[in-house]
Protein chains: 2
Amino acid sequence: MATNKQIYIVDDHPLMRKGLAMTIDKEMGYEVCGQAESAEEALADLVKLNPDAAVVDISLPGMNGIELIKNVLHQKPNLKILVVSRHDEELYAERALRAGAKGYLMKLEAAEILITALRQIINGGIYLSEKIGAKMIMKITSGNAAKSDNPLDLLSDRELEVFELTGKGLSTREIGEKLHISVKTVESHRANIKDKLQVETANDLMRHAVRWVEGTSQ
Amino acid sequence: MATNKQIYIVDDHPLMRKGLAMTIDKEMGYEVCGQAESAEEALADLVKLNPDAAVVDISLPGMNGIELIKNVLHQKPNLKILVVSRHDEELYAERALRAGAKGYLMKLEAAEILITALRQIINGGIYLSEKIGAKMIMKITSGNAAKSDNPLDLLSDRELEVFELTGKGLSTREIGEKLHISVKTVESHRANIKDKLQVETANDLMRHAVRWVEGTSQ
DNA sequence: TATCGATATAGGGGATAACCTTAGTTAACG
DNA sequence: CGTTAACTAAGGTTATCCCCTATATCGATA
């Protein structure tokens with residue numbers, strides 16, 4: 001029963017998939033059992049292949065990583081998911097873990113860490129990048145009293161998604177198509193976002209969104 | 001004489017470097033002669049190693065890719081530089097080419113394209129991702145050679161005024177009131193601005209305007 | 001000088017998006 | 001087991017976008 005641990009990869013960058021796959025395959029006891037470049041593609045595969053763990057990029061075209069996690073865990077509650085990200089923000093780490101991921105790793109980190117993280121989550125543990133780990137622990141231990149200084153924490157996952165796409169210049173219709181929801185739903189989300197962020201008009205919302213996207217994208 | 005083409009890689013993501021390196025190395029006639037994760041590091045290496053081409057990520061920590069291109073071409077004018085990016089925007093492509101890069105490639109694109117692009121620039125050509133392609137070539141090659149590097153110079157005073165107010169989040173109505181002109185006139189100006197900046201939709205205009213306002217106000 | 005191009009102004013009319021209200025379905029929580 | 005939050009979506013009104021047309025001004029160039 002010395003069979004290799006099966007790992008599935010979901011990332012929209014072909015070269016990144018290559019880097020991930022190579023790192024995993026050359027590690028003894030681990031092998032890549034499949035890859036996908038979109039969440040939709042991954043969903044079907046994951047149910048069928050039943051891997052031990054999945055490495056998932058949070059920012060995917062169409063359905064994003066968070067949504068994928070929620071969906072797949074609904075069907076496969078025991079799947080260990082390691083999220084990799086280029087965003088070095090608590091924001092995503094926290095949401096990913098809340099959605100049920102077992103680890104959060106920044107792409108910037110070295111290849112060996114990927115294996116460490118995978119080993120840890122497969123053994124039932126949790127893995128967090130150092131930078132994030134400390135902050136998150138602080139946040140949790142120090143109680144919810146010390147609330148976040150970032151009003152974006154108020155947004156739900158879906159709202160944040162809509163917010164981000166707004167900041168990238170997509171219209172309501174385009175956002176609806178991308179997320180496979182009605183334009184009317186997008187409008188509802190935007191109305192809620194405006195409430196939560198306390199902005200008045202669609203223009204102001206857009207302005208905030210653009211600023212935020214610019215500030216976090218690098 | 002049958003020596004391999006030497007390629008240098010500059011990217012801050014270890015796994016992405018791995019993906020890039022693997023793709024290049026396994027291609028006959030090409031090999032990776034070095035890597036760097038920052039522009040500073042790369043500068044020294046590039047002068048010393050004198051590779052045939054370099055693959056450079058535009059978004060690097062510290063000095064960004066564009067600056068790196070300018071700097072290195074100052075010392076090695078014949079180095080062929082292929083820019084890879086996760087941003088699928090003309091904005092960066094144009095700046096990169098203006099800085100002297102010979103190609104612009106989105107990371108999303110498949111591995112084989114990387115080789116195609118490298119081959120093309122090493123042979124003295126130019127490679128651009130399809131999406132970006134035609135428009136850009138027209139714009140740059142046919143363009144009056146010594147054009148300003150920021151297209152905002154094309155805007156008339158009034159247009160710039162409208163642009164700026166747009167970036168501050170004002171609606172067409174508000175802009176009209178502020179400038180004591182009809183909403184219709186504001187719309188006309190905005191249409192002209194869109195033409196000049198070559199953006200398609202009102203959302204994109206707004207996005208550019210916000211970015212610009214942000215970039216200049218501090 | 002007459003013509004051309006760019007600028008600034010503005011309207012018409014159809015398509016699209018924003019805004020406000022209401023409402024159904026889950027899923028989580030105490 | 002009710003309450004709340006999240007996600008979904010529709011109807012109806014108003015504002016904005018978008019394409020076309022139009023006029024007056026000013027400076028440049030043929």
# chains A, B, ... in the order shown; residues from 1 in each chain; ligands from 1

call {"tool": "calpha_fit_rmsd", "arguments": {"fixed": "chain B", "moving": "chain A"}}
result
10.9 Å

call {"tool": "residues_around", "arguments": {"residues": "DT25 (chain C)", "least_positions_apart": "6", "cutoff": "12 Å", "atoms": "only C-alpha atoms (C1' of nucleotides)", "output": "PyMOL selection string"}}
result
chain D and resi 6-9

call {"tool": "write_last_selection", "arguments": {"atoms": "N, CA and C atoms (P, O5', C5', C4', C3', O3' and C1' of nucleotides)", "output": "mmCIF file, in the first residue's frame"}}
result
data_model
loop_
_atom_site.group_PDB
_atom_site.id
_atom_site.type_symbol
_atom_site.label_atom_id
_atom_site.label_comp_id
_atom_site.auth_asym_id
_atom_site.auth_seq_id
_atom_site.Cartn_x
_atom_site.Cartn_y
_atom_site.Cartn_z
ATOM 1 P P DA D 6 -23.272 38.881 5.389
ATOM 2 O "O5'" DA D 6 -23.612 37.794 4.269
ATOM 3 C "C5'" DA D 6 -23.324 36.420 4.530
ATOM 4 C "C4'" DA D 6 -23.707 35.591 3.319
ATOM 5 C "C3'" DA D 6 -23.364 36.233 1.973
ATOM 6 O "O3'" DA D 6 -22.759 35.245 1.154
ATOM 7 C "C1'" DA D 6 -25.657 35.671 2.050
ATOM 8 P P DC D 7 -22.099 35.705 -0.250
ATOM 9 O "O5'" DC D 7 -23.195 35.280 -1.336
ATOM 10 C "C5'" DC D 7 -23.600 33.919 -1.423
ATOM 11 C "C4'" DC D 7 -24.831 33.828 -2.306
ATOM 12 C "C3'" DC D 7 -24.725 34.593 -3.644
ATOM 13 O "O3'" DC D 7 -24.699 33.650 -4.706
ATOM 14 C "C1'" DC D 7 -26.855 34.838 -2.600
ATOM 15 P P DT D 8 -24.621 34.171 -6.237
ATOM 16 O "O5'" DT D 8 -26.151 34.305 -6.651
ATOM 17 C "C5'" DT D 8 -26.990 33.154 -6.646
ATOM 18 C "C4'" DT D 8 -28.439 33.551 -6.726
ATOM 19 C "C3'" DT D 8 -28.822 34.420 -7.909
ATOM 20 O "O3'" DT D 8 -29.160 33.617 -9.022
ATOM 21 C "C1'" DT D 8 -29.976 35.030 -5.890
ATOM 22 P P DA D 9 -29.271 34.269 -10.464
ATOM 23 O "O5'" DA D 9 -30.542 35.189 -10.363
ATOM 24 C "C5'" DA D 9 -31.833 34.598 -10.141
ATOM 25 C "C4'" DA D 9 -32.861 35.693 -9.996
ATOM 26 C "C3'" DA D 9 -32.903 36.690 -11.158
ATOM 27 O "O3'" DA D 9 -34.051 36.422 -11.941
ATOM 28 C "C1'" DA D 9 -33.248 37.714 -9.033
#

call {"tool": "select_by_dssp", "arguments": {"residues": "region 31-208 of chain A", "states": "strand (DSSP E)", "output": "VMD selection string"}}
result
chain A and resid 31 to 36 53 to 57 80 to 85 103 to 106 127 to 128

call {"tool": "write_last_selection", "arguments": {"atoms": "C-alpha atoms", "output": "compact mmCIF listing (two decimals), in the first residue's frame"}}
result
# COMPACT_ATOMS: atom_id res chain seq x y z
CA GLU A 31 2.54 12.49 -7.82
CA VAL A 32 0.33 14.77 -9.84
CA CYS A 33 -2.84 12.99 -10.90
CA GLY A 34 -4.37 15.79 -12.92
CA GLN A 35 -4.49 19.48 -13.72
CA ALA A 36 -7.04 22.10 -14.62
CA ALA A 53 -4.93 16.86 -1.93
CA ALA A 54 -5.42 19.73 -4.34
CA VAL A 55 -3.27 22.79 -4.94
CA VAL A 56 -5.57 25.64 -5.90
CA ASP A 57 -4.82 29.15 -7.13
CA LYS A 80 -7.23 18.60 1.66
CA ILE A 81 -6.88 21.85 -0.18
CA LEU A 82 -3.75 23.98 -0.30
CA VAL A 83 -4.34 27.46 -1.64
CA VAL A 84 -1.53 29.20 -3.47
CA SER A 85 -1.74 32.88 -4.17
CA GLY A 103 -3.34 25.65 3.91
CA TYR A 104 -2.37 28.98 2.40
CA LEU A 105 0.86 29.51 0.56
CA MET A 106 2.28 32.39 -1.36
CA TYR A 127 -0.18 25.18 6.92
CA LEU A 128 0.13 28.94 6.76

call {"tool": "residues_around", "arguments": {"residues": "DT23 (chain D)", "least_positions_apart": "3", "cutoff": "12 Å", "atoms": "only C-alpha atoms (C1' of nucleotides)", "output": "short mmCIF file (atom, residue, chain, number, x, y, z; two decimals) with C-alpha atoms (C1' of nucleotides), in the first residue's frame"}}
result
data_model
loop_
_atom_site.label_atom_id
_atom_site.label_comp_id
_atom_site.auth_asym_id
_atom_site.auth_seq_id
_atom_site.Cartn_x
_atom_site.Cartn_y
_atom_site.Cartn_z
"C1'" DA C 8 -15.65 73.51 -27.70
"C1'" DT C 9 -20.25 73.47 -27.66
"C1'" DA C 10 -24.79 70.81 -27.84
"C1'" DG C 11 -29.02 68.04 -29.44
#

call {"tool": "closest_residue", "arguments": {"among": "B:Ala111, B:Ile66, B:Val183, B:Ile9", "to": "Leu97 (chain B)", "atoms": "only C-alpha atoms"}}
result
B:Ile66

call {"tool": "select_by_dssp", "arguments": {"residues": "region 18-195 of chain A", "states": "helix (DSSP H, G or I)", "output": "PyMOL selection string"}}
result
chain A and resi 18-25+39-49+65-75+90-99+111-122+130-141+151-154+157-167+172-179+183-195

call {"tool": "interface_residues", "arguments": {"of": "chain C", "to": "chain A", "cutoff": "10 Å", "atoms": "only C-alpha atoms (C1' of nucleotides)", "output": "PyMOL selection string"}}
result
chain C and resi 16-20

call {"tool": "write_last_selection", "arguments": {"atoms": "C-alpha atoms (C1' of nucleotides)", "output": "PDB file, in the first residue's frame"}}
result
ATOM      1  C1'  DT C  16     -27.573  50.083 -21.584  1.00  0.00           C
ATOM      2  C1'  DA C  17     -26.658  50.585 -16.845  1.00  0.00           C
ATOM      3  C1'  DA C  18     -27.816  52.450 -12.370  1.00  0.00           C
ATOM      4  C1'  DC C  19     -31.016  52.814  -8.647  1.00  0.00           C
ATOM      5  C1'  DC C  20     -34.815  51.461  -5.514  1.00  0.00           C
TER       6       DC C  20
END

call {"tool": "interface_residues", "arguments": {"of": "chain B", "to": "chain A", "cutoff": "9 Å", "atoms": "only C-alpha atoms", "output": "VMD selection string"}}
result
chain B and resid 12 to 23 59 to 61 86 107 to 111 166 to 171 201 to 208 210 to 211 214

call {"tool": "write_last_selection", "arguments": {"atoms": "N, CA and C atoms", "output": "mmCIF file, in the first residue's frame"}}
result
data_model
loop_
_atom_site.group_PDB
_atom_site.id
_atom_site.type_symbol
_atom_site.label_atom_id
_atom_site.label_comp_id
_atom_site.auth_asym_id
_atom_site.auth_seq_id
_atom_site.Cartn_x
_atom_site.Cartn_y
_atom_site.Cartn_z
ATOM 1 N N ASP B 12 10.170 36.977 -9.968
ATOM 2 C CA ASP B 12 10.230 36.882 -8.513
ATOM 3 C C ASP B 12 9.520 35.652 -7.944
ATOM 4 N N HIS B 13 8.833 34.893 -8.795
ATOM 5 C CA HIS B 13 8.159 33.695 -8.312
ATOM 6 C C HIS B 13 9.027 32.466 -8.561
ATOM 7 N N PRO B 14 9.473 31.810 -7.512
ATOM 8 C CA PRO B 14 10.332 30.637 -7.687
ATOM 9 C C PRO B 14 9.703 29.569 -8.580
ATOM 10 N N LEU B 15 8.437 29.325 -8.381
ATOM 11 C CA LEU B 15 7.804 28.269 -9.168
ATOM 12 C C LEU B 15 7.640 28.680 -10.623
ATOM 13 N N MET B 16 7.427 29.953 -10.827
ATOM 14 C CA MET B 16 7.323 30.428 -12.203
ATOM 15 C C MET B 16 8.684 30.319 -12.894
ATOM 16 N N ARG B 17 9.737 30.632 -12.153
ATOM 17 C CA ARG B 17 11.075 30.473 -12.727
ATOM 18 C C ARG B 17 11.299 29.022 -13.108
ATOM 19 N N LYS B 18 10.831 28.150 -12.253
ATOM 20 C CA LYS B 18 10.994 26.719 -12.519
ATOM 21 C C LYS B 18 10.269 26.334 -13.805
ATOM 22 N N GLY B 19 9.043 26.823 -13.944
ATOM 23 C CA GLY B 19 8.265 26.522 -15.145
ATOM 24 C C GLY B 19 8.926 27.070 -16.388
ATOM 25 N N LEU B 20 9.389 28.283 -16.304
ATOM 26 C CA LEU B 20 10.060 28.908 -17.438
ATOM 27 C C LEU B 20 11.334 28.149 -17.783
ATOM 28 N N ALA B 21 12.136 27.884 -16.773
ATOM 29 C CA ALA B 21 13.433 27.249 -16.986
ATOM 30 C C ALA B 21 13.261 25.862 -17.608
ATOM 31 N N MET B 22 12.302 25.127 -17.084
ATOM 32 C CA MET B 22 12.105 23.778 -17.592
ATOM 33 C C MET B 22 11.711 23.811 -19.060
ATOM 34 N N THR B 23 10.820 24.709 -19.377
ATOM 35 C CA THR B 23 10.351 24.828 -20.755
ATOM 36 C C THR B 23 11.493 25.163 -21.699
ATOM 37 N N SER B 59 6.444 42.877 -13.421
ATOM 38 C CA SER B 59 6.156 43.298 -12.049
ATOM 39 C C SER B 59 7.096 42.613 -11.073
ATOM 40 N N LEU B 60 8.162 43.320 -10.762
ATOM 41 C CA LEU B 60 9.165 42.809 -9.839
ATOM 42 C C LEU B 60 9.165 43.673 -8.592
ATOM 43 N N PRO B 61 9.611 43.105 -7.486
ATOM 44 C CA PRO B 61 9.738 43.943 -6.288
ATOM 45 C C PRO B 61 10.860 44.945 -6.503
ATOM 46 N N ARG B 86 1.534 39.044 -16.100
ATOM 47 C CA ARG B 86 0.240 38.469 -15.767
ATOM 48 C C ARG B 86 -0.863 39.480 -16.086
ATOM 49 N N LYS B 107 1.686 35.469 -19.351
ATOM 50 C CA LYS B 107 2.054 34.212 -18.704
ATOM 51 C C LYS B 107 1.009 33.136 -18.951
ATOM 52 N N LEU B 108 -0.186 33.583 -19.154
ATOM 53 C CA LEU B 108 -1.276 32.642 -19.347
ATOM 54 C C LEU B 108 -1.060 31.758 -20.552
ATOM 55 N N GLU B 109 -0.298 32.264 -21.493
ATOM 56 C CA GLU B 109 -0.200 31.531 -22.745
ATOM 57 C C GLU B 109 0.656 30.274 -22.611
ATOM 58 N N ALA B 110 0.398 29.367 -23.482
ATOM 59 C CA ALA B 110 1.005 28.053 -23.371
ATOM 60 C C ALA B 110 2.515 28.085 -23.521
ATOM 61 N N ALA B 111 3.118 27.014 -23.046
ATOM 62 C CA ALA B 111 4.567 26.922 -23.006
ATOM 63 C C ALA B 111 5.206 27.009 -24.391
ATOM 64 N N THR B 166 -13.442 63.108 -13.982
ATOM 65 C CA THR B 166 -13.919 61.727 -14.097
ATOM 66 C C THR B 166 -13.147 60.832 -13.124
ATOM 67 N N GLY B 167 -11.859 61.049 -13.060
ATOM 68 C CA GLY B 167 -11.005 60.254 -12.185
ATOM 69 C C GLY B 167 -11.299 60.500 -10.715
ATOM 70 N N LYS B 168 -11.906 61.636 -10.426
ATOM 71 C CA LYS B 168 -12.253 61.932 -9.033
ATOM 72 C C LYS B 168 -13.626 61.400 -8.679
ATOM 73 N N GLY B 169 -14.249 60.772 -9.642
ATOM 74 C CA GLY B 169 -15.519 60.100 -9.367
ATOM 75 C C GLY B 169 -16.761 60.921 -9.665
ATOM 76 N N LEU B 170 -16.607 62.058 -10.294
ATOM 77 C CA LEU B 170 -17.777 62.873 -10.599
ATOM 78 C C LEU B 170 -18.562 62.293 -11.769
ATOM 79 N N SER B 171 -19.867 62.457 -11.700
ATOM 80 C CA SER B 171 -20.731 61.999 -12.787
ATOM 81 C C SER B 171 -20.729 63.033 -13.912
ATOM 82 N N THR B 201 -14.626 51.402 -23.548
ATOM 83 C CA THR B 201 -15.853 51.648 -22.798
ATOM 84 C C THR B 201 -15.692 52.763 -21.763
ATOM 85 N N ALA B 202 -16.817 53.194 -21.254
ATOM 86 C CA ALA B 202 -16.824 54.231 -20.223
ATOM 87 C C ALA B 202 -16.134 53.740 -18.955
ATOM 88 N N ASN B 203 -16.300 52.477 -18.669
ATOM 89 C CA ASN B 203 -15.661 51.904 -17.501
ATOM 90 C C ASN B 203 -14.138 51.968 -17.600
ATOM 91 N N ASP B 204 -13.648 51.634 -18.780
ATOM 92 C CA ASP B 204 -12.200 51.667 -18.959
ATOM 93 C C ASP B 204 -11.672 53.090 -18.842
ATOM 94 N N LEU B 205 -12.444 54.015 -19.378
ATOM 95 C CA LEU B 205 -12.041 55.417 -19.274
ATOM 96 C C LEU B 205 -11.933 55.802 -17.813
ATOM 97 N N MET B 206 -12.944 55.468 -17.072
ATOM 98 C CA MET B 206 -12.988 55.766 -15.643
ATOM 99 C C MET B 206 -11.790 55.137 -14.944
ATOM 100 N N ARG B 207 -11.506 53.907 -15.299
ATOM 101 C CA ARG B 207 -10.399 53.204 -14.659
ATOM 102 C C ARG B 207 -9.079 53.929 -14.903
ATOM 103 N N HIS B 208 -8.865 54.280 -16.163
ATOM 104 C CA HIS B 208 -7.641 55.000 -16.484
ATOM 105 C C HIS B 208 -7.575 56.331 -15.740
ATOM 106 N N VAL B 210 -9.014 57.198 -12.923
ATOM 107 C CA VAL B 210 -8.757 57.016 -11.498
ATOM 108 C C VAL B 210 -7.272 56.744 -11.270
ATOM 109 N N ARG B 211 -6.744 55.872 -12.082
ATOM 110 C CA ARG B 211 -5.324 55.537 -11.953
ATOM 111 C C ARG B 211 -4.455 56.770 -12.101
ATOM 112 N N GLU B 214 -4.774 59.098 -9.182
ATOM 113 C CA GLU B 214 -4.045 58.522 -8.057
ATOM 114 C C GLU B 214 -2.546 58.703 -8.230
#

call {"tool": "residues_around", "arguments": {"residues": "DG12 (chain C)", "least_positions_apart": "5", "cutoff": "12 Å", "atoms": "only C-alpha atoms (C1' of nucleotides)", "output": "PyMOL selection string"}}
result
(chain B and resi 184) or (chain D and resi 19-22)

call {"tool": "write_last_selection", "arguments": {"atoms": "C-alpha atoms (C1' of nucleotides)", "output": "PDB file, in the first residue's frame"}}
result
ATOM      1  CA  LYS B 184     -24.133  66.636 -23.707  1.00  0.00           C
TER       2      LYS B 184
ATOM      3  C1'  DC D  19     -23.457  56.971 -32.297  1.00  0.00           C
ATOM      4  C1'  DC D  20     -24.634  60.633 -35.428  1.00  0.00           C
ATOM      5  C1'  DT D  21     -25.199  65.237 -36.560  1.00  0.00           C
ATOM      6  C1'  DA D  22     -24.370  70.208 -36.161  1.00  0.00           C
TER       7       DA D  22
END

call {"tool": "residues_around", "arguments": {"residues": "DT4 (chain D)", "least_positions_apart": "3", "cutoff": "12 Å", "atoms": "only C-alpha atoms (C1' of nucleotides)", "output": "ChimeraX atom specification"}}
result
/C:27-30

call {"tool": "write_last_selection", "arguments": {"atoms": "N, CA and C atoms (P, O5', C5', C4', C3', O3' and C1' of nucleotides)", "output": "PDB file, in the first residue's frame"}}
result
ATOM      1  P    DA C  27     -27.604  24.780   1.674  1.00  0.00           P
ATOM      2  O5'  DA C  27     -26.375  25.561   2.339  1.00  0.00           O
ATOM      3  C5'  DA C  27     -26.324  26.988   2.300  1.00  0.00           C
ATOM      4  C4'  DA C  27     -25.713  27.532   3.571  1.00  0.00           C
ATOM      5  C3'  DA C  27     -25.371  26.497   4.648  1.00  0.00           C
ATOM      6  O3'  DA C  27     -24.188  26.931   5.301  1.00  0.00           O
ATOM      7  C1'  DA C  27     -26.951  28.018   5.510  1.00  0.00           C
ATOM      8  P    DA C  28     -23.453  26.035   6.398  1.00  0.00           P
ATOM      9  O5'  DA C  28     -23.358  27.060   7.622  1.00  0.00           O
ATOM     10  C5'  DA C  28     -22.986  28.423   7.379  1.00  0.00           C
ATOM     11  C4'  DA C  28     -23.414  29.293   8.552  1.00  0.00           C
ATOM     12  C3'  DA C  28     -23.059  28.714   9.935  1.00  0.00           C
ATOM     13  O3'  DA C  28     -22.531  29.759  10.745  1.00  0.00           O
ATOM     14  C1'  DA C  28     -25.346  29.235   9.848  1.00  0.00           C
ATOM     15  P    DC C  29     -21.863  29.445  12.161  1.00  0.00           P
ATOM     16  O5'  DC C  29     -22.400  30.606  13.126  1.00  0.00           O
ATOM     17  C5'  DC C  29     -23.540  31.390  12.757  1.00  0.00           C
ATOM     18  C4'  DC C  29     -24.414  31.665  13.966  1.00  0.00           C
ATOM     19  C3'  DC C  29     -24.005  30.939  15.259  1.00  0.00           C
ATOM     20  O3'  DC C  29     -24.148  31.823  16.352  1.00  0.00           O
ATOM     21  C1'  DC C  29     -26.220  30.429  14.731  1.00  0.00           C
ATOM     22  P    DG C  30     -23.390  31.576  17.691  1.00  0.00           P
ATOM     23  O5'  DG C  30     -24.504  31.800  18.799  1.00  0.00           O
ATOM     24  C5'  DG C  30     -25.382  32.924  18.725  1.00  0.00           C
ATOM     25  C4'  DG C  30     -26.711  32.551  19.346  1.00  0.00           C
ATOM     26  C3'  DG C  30     -26.602  31.829  20.704  1.00  0.00           C
ATOM     27  O3'  DG C  30     -27.374  32.488  21.691  1.00  0.00           O
ATOM     28  C1'  DG C  30     -28.060  30.663  19.223  1.00  0.00           C
TER      29       DG C  30
END

call {"tool": "closest_residue", "arguments": {"among": "D:DA30, D:DA15, D:DC1, D:DA24", "to": "chain B", "atoms": "only C-alpha atoms (C1' of nucleotides)"}}
result
D:DA15

call {"tool": "atom_distance", "arguments": {"atom1": "CA of Lys196 (chain A)", "atom2": "CA of Asp153 (chain A)"}}
result
9.8 Å

call {"tool": "interface_residues", "arguments": {"of": "chain A", "to": "chain D", "cutoff": "8 Å", "atoms": "only C-alpha atoms (C1' of nucleotides)", "output": "ChimeraX atom specification"}}
result
/A:156,182,184-185

call {"tool": "write_last_selection", "arguments": {"atoms": "N, CA and C atoms", "output": "PDB file, in the first residue's frame"}}
result
ATOM      1  N   SER A 156     -18.759  40.167   2.003  1.00  0.00           N
ATOM      2  CA  SER A 156     -18.816  38.712   1.887  1.00  0.00           C
ATOM      3  C   SER A 156     -17.910  38.289   0.736  1.00  0.00           C
ATOM      4  N   SER A 182     -27.077  36.478 -12.771  1.00  0.00           N
ATOM      5  CA  SER A 182     -27.825  37.516 -13.473  1.00  0.00           C
ATOM      6  C   SER A 182     -27.237  38.910 -13.213  1.00  0.00           C
ATOM      7  N   LYS A 184     -28.910  41.343 -12.564  1.00  0.00           N
ATOM      8  CA  LYS A 184     -29.667  41.840 -11.419  1.00  0.00           C
ATOM      9  C   LYS A 184     -29.008  41.443 -10.096  1.00  0.00           C
ATOM     10  N   THR A 185     -28.435  40.279 -10.077  1.00  0.00           N
ATOM     11  CA  THR A 185     -27.741  39.837  -8.877  1.00  0.00           C
ATOM     12  C   THR A 185     -26.486  40.662  -8.652  1.00  0.00           C
TER      13      THR A 185
END

call {"tool": "atom_distance", "arguments": {"atom1": "CA of Asp157 (chain A)", "atom2": "CA of Asn123 (chain A)"}}
result
28.1 Å

call {"tool": "atom_distance", "arguments": {"atom1": "CA of Ile126 (chain B)", "atom2": "CA of Gln198 (chain B)"}}
result
22.3 Å

call {"tool": "decode", "arguments": {"residues": "region 14-26 of chain D", "atoms": "N, CA and C atoms (P, O5', C5', C4', C3', O3' and C1' of nucleotides)", "output": "compact mmCIF listing (two decimals), in the first residue's frame"}}
result
# COMPACT_ATOMS: atom_id res chain seq x y z
P DT D 14 -39.18 58.55 -13.32
O5' DT D 14 -37.59 58.75 -13.30
C5' DT D 14 -36.87 58.62 -12.06
C4' DT D 14 -35.39 58.51 -12.38
C3' DT D 14 -34.84 59.62 -13.30
O3' DT D 14 -33.69 60.16 -12.68
C1' DT D 14 -34.18 57.49 -14.08
P DA D 15 -33.04 61.52 -13.24
O5' DA D 15 -31.56 61.07 -13.63
C5' DA D 15 -30.81 60.25 -12.73
C4' DA D 15 -29.72 59.52 -13.51
C3' DA D 15 -28.88 60.43 -14.41
O3' DA D 15 -27.53 60.27 -14.02
C1' DA D 15 -29.61 58.50 -15.60
P DT D 16 -26.37 61.16 -14.69
O5' DT D 16 -25.71 60.12 -15.71
C5' DT D 16 -25.47 58.79 -15.28
C4' DT D 16 -25.05 57.93 -16.47
C3' DT D 16 -24.08 58.61 -17.44
O3' DT D 16 -22.93 57.79 -17.51
C1' DT D 16 -25.86 57.53 -18.59
P DC D 17 -21.72 58.16 -18.48
O5' DC D 17 -21.98 57.18 -19.73
C5' DC D 17 -22.24 55.81 -19.47
C4' DC D 17 -22.55 55.07 -20.78
C3' DC D 17 -21.58 55.31 -21.93
O3' DC D 17 -21.31 54.05 -22.53
C1' DC D 17 -23.78 55.74 -22.64
P DC D 18 -20.07 53.87 -23.56
O5' DC D 18 -20.74 54.11 -24.99
C5' DC D 18 -21.75 53.20 -25.44
C4' DC D 18 -22.31 53.67 -26.77
C3' DC D 18 -21.27 54.29 -27.72
O3' DC D 18 -21.47 53.71 -28.99
C1' DC D 18 -23.14 55.68 -27.52
P DC D 19 -20.24 53.65 -30.04
O5' DC D 19 -20.89 54.17 -31.41
C5' DC D 19 -22.17 53.68 -31.80
C4' DC D 19 -22.92 54.75 -32.57
C3' DC D 19 -22.06 55.54 -33.55
O3' DC D 19 -22.62 55.42 -34.85
C1' DC D 19 -23.46 56.97 -32.30
P DC D 20 -21.87 56.06 -36.13
O5' DC D 20 -22.75 57.36 -36.41
C5' DC D 20 -24.18 57.24 -36.42
C4' DC D 20 -24.80 58.61 -36.57
C3' DC D 20 -24.04 59.58 -37.49
O3' DC D 20 -24.89 59.99 -38.55
C1' DC D 20 -24.63 60.63 -35.43
P DT D 21 -24.31 61.00 -39.71
O5' DT D 21 -24.84 62.43 -39.22
C5' DT D 21 -26.17 62.55 -38.71
C4' DT D 21 -26.33 63.92 -38.08
C3' DT D 21 -25.69 65.06 -38.88
O3' DT D 21 -26.69 65.99 -39.26
C1' DT D 21 -25.20 65.24 -36.56
P DA D 22 -26.32 67.23 -40.22
O5' DA D 22 -26.00 68.41 -39.20
C5' DA D 22 -26.85 68.63 -38.10
C4' DA D 22 -26.34 69.80 -37.30
C3' DA D 22 -25.53 70.80 -38.15
O3' DA D 22 -26.09 72.08 -37.98
C1' DA D 22 -24.37 70.21 -36.16
P DT D 23 -25.67 73.25 -39.03
O5' DT D 23 -25.06 74.39 -38.07
C5' DT D 23 -25.74 74.72 -36.86
C4' DT D 23 -24.75 75.42 -35.94
C3' DT D 23 -23.88 76.46 -36.66
O3' DT D 23 -23.90 77.67 -35.94
C1' DT D 23 -22.54 75.01 -35.38
P DA D 24 -23.40 79.03 -36.69
O5' DA D 24 -22.23 79.56 -35.74
C5' DA D 24 -22.40 79.56 -34.33
C4' DA D 24 -21.03 79.72 -33.68
C3' DA D 24 -20.09 80.67 -34.43
O3' DA D 24 -19.46 81.54 -33.49
C1' DA D 24 -19.05 78.58 -34.14
P DT D 25 -18.50 82.73 -34.04
O5' DT D 25 -17.08 82.35 -33.44
C5' DT D 25 -16.99 81.59 -32.23
C4' DT D 25 -15.58 81.06 -32.09
C3' DT D 25 -14.50 81.92 -32.75
O3' DT D 25 -13.50 82.22 -31.80
C1' DT D 25 -14.25 79.67 -33.36
P DC D 26 -12.48 83.44 -32.08
O5' DC D 26 -11.07 82.71 -32.19
C5' DC D 26 -10.80 81.54 -31.40
C4' DC D 26 -9.67 80.74 -32.05
C3' DC D 26 -8.68 81.61 -32.85
O3' DC D 26 -7.36 81.30 -32.47
C1' DC D 26 -9.42 79.78 -34.14
